[in-house]
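Asks: One structure, pasted below without further comment.
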Amino acid sequence: MSTQPAYLPSGGIEERNVYLSDIENFPKDWDEADVQPTMHDLDRIRQAKSIIQREEKTPVEVIADNLEGLFNNSIQEMRKERGGNVVDDHPFHLVITVPAVWKEGAIRRMKKALDLSGALGPRPNRIPGTTYKFLTEPEVAGMASFQSLAGSDTLVPGDSFVVADLGGGTTDSISYMVNSYEPFQLREVVEGNGALWGATFLGHCFRELVKQKLLDKHGMAWEDVSQGNKWCIDSIWEYNIKRVFSNSTTEIPSVDVMKGGGMVEIGFMPGEIRDLFNVVMPRIKALIKSQVIEVLKKTMKLPRYILLIGGLGQNL
């Protein structure tokens with residue numbers, strides 16, 4: 001079976017990440033310089049670029065606006081639950097999670113956005129200023145796994161495990177070793193790594209498949225599909241196809257597209273959906289395998305477990 005289906009974004013598969021070293025020179029045509037070539041035709045990317053251009057803001061400023069709203073909403077919720085005095089009389093420490101694939105330039109831009117957001121601004125009552133720390137997403141996923149592993153007799157000091165966080169935009173992985181049992185302590189044994197092979201790219205491949213079928217069988221362009229209909233198609237993909245698909249799947253739900261005064265039905269074969277997964281899954285498995293190999297090199301033992309975290313993990 002081919003692992004390169006015909007319904008890929010133009011330009012084919014190319015793993016390339018470009019990070020700018022100078023935030024002041026961050027380009028307005030950011031999607032060309034800072035996004036994988038295979039992502040350029042994503043509807044969300046085009047919509048984001050359109051909004052940024054309309055608002056005459058840089059991507060850093062847009063992220064700053066989002067961080068500001070998130071921070072202010074968090075403060076409001078804490079005031080409701082804890083009371084204003086508790087919030088105003090305690091210092092804050094922010095933990096910002098980022099993909100493992102991010103390099104220095106991307107972290108620097110996120111720091112700039114954090115500064116612009118006002119989240120690090122002065123606190124009332126002479127409370128010390130807010131501090132912050134960046135952690136990679138697989139690191140945080142590993143920490144979240146501690147609760148289920150702590151006190152378990154399945155891991156003993158010297159054992160290691162790989163955490164693979166399979167999210168929407170990226171796939172990130174990291175490996176830990178158990179240092180002690182009581183108290184339960186871990187240390188990083190292999191540095192986190194990642195790639196832009198998340199569920200978003202998989203969803204884009206599905207849309208390309210739908211577009212091709214619409215054009216070939218019904219002479220209909222994707223641009224003629226209403227936004228509401230596109231959302232319905234995305235929902236069927238997310239909840240009725242992607243999340244439940246496996247190698248044993250024999251029937252795939254169809255999607256309905258409005259055309260004129262009626263509907264046309266777009267059907268799929270299991271092999272077509274399998275081909276979509278075959279674009280990203282080998283690369284995800286290779287990323288996890290690289291962690292396993294490094295664990296073996298450093299500890300002379302294979303990791304005891306591979307923990308799959310994130311919505312896409314259920315499809316491996």
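All residue names refer to the structure tokens as shown: chains lettered A, B, ... in order, residues numbered from 1 in each chain, ligands numbered from 1 in order.
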Name the residues of region 38-220 of chain A that come out as strand (DSSP E) in a backbone DSSP run; write them as number ranges by chain.
Replies: A: 93-98, 131-136, 160-166, 171-180, 185-195
Asks: Hey, what does DSSP flag as alpha helix (DSSP H) within region 16-238 of chain A? Can you give it to me as a VMD selection string?
Replies: chain A and resid 30 to 34 43 to 55 59 to 82 84 to 88 104 to 117 137 to 149 199 to 218 227 to 235
Asks: With a distance cut-off of 8 Å and only C-alpha atoms, select the neighbouring residues of Gly194 (chain A), excluding the residue or stretch itself and same-chain residues fewer than 2 positions from it, and output the selection as a PyMOL selection string.
Replies: chain A and resi 99-101+170-173+192+196+287
Asks: Which of these, A:Asn247, A:Ser117, A:Ser175, A:Asn72, has the shortest distance to Met143 (chain A) once you count only C-alpha atoms?
Replies: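 Closest to Met143 (chain A) of all the choices is A:Ser175.
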Asks: Considering only C-alpha atoms, return as a PyMOL selection string whatever protein or nucleic-acid residues lie within 9 Å of Met269 (chain A), sequence-local ones (same chain, fewer than 4 positions apart) excluded.
Replies: chain A and resi 250-252+273-274
Asks: Considering only C-alpha atoms, can you say which of A:Gly198, A:Gly84, A:Gly313, A:Gly219 comes closest to Gly169 (chain A)?
Replies: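 Result for the nearest residue to Gly169 (chain A): A:Gly198.
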Asks: So that I can see what lies close to region 153-159 of chain A, please list as a ChimeraX atom specification the residues with an atom at most 6 Å from it, counting only C-alpha atoms and leaving out residues fewer than 4 positions away in the same chain.
Replies: /A:177-180
Asks: Excluding Ile241 (chain A) and any residue of its chain fewer than 5 positions from it, enumerate the residues within 10 Å of it, using only C-alpha atoms, and give them as a ChimeraX atom specification.
Replies: /A:234-236,246,249,251-254,273
Asks: Quick one: residues within 9 Å of region 222-233 of chain A, only C-alpha atoms counted, chain neighbours fewer than 6 positions away excluded, as a list of chain:residue names?
Replies: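 Final neighbour list, sorted by chain and number: A:Arg207, A:Val210, A:Lys211, A:Gln212, A:Leu214, A:Leu215, A:Val255, A:Asp256, A:Val257, A:Met258, A:Lys259.
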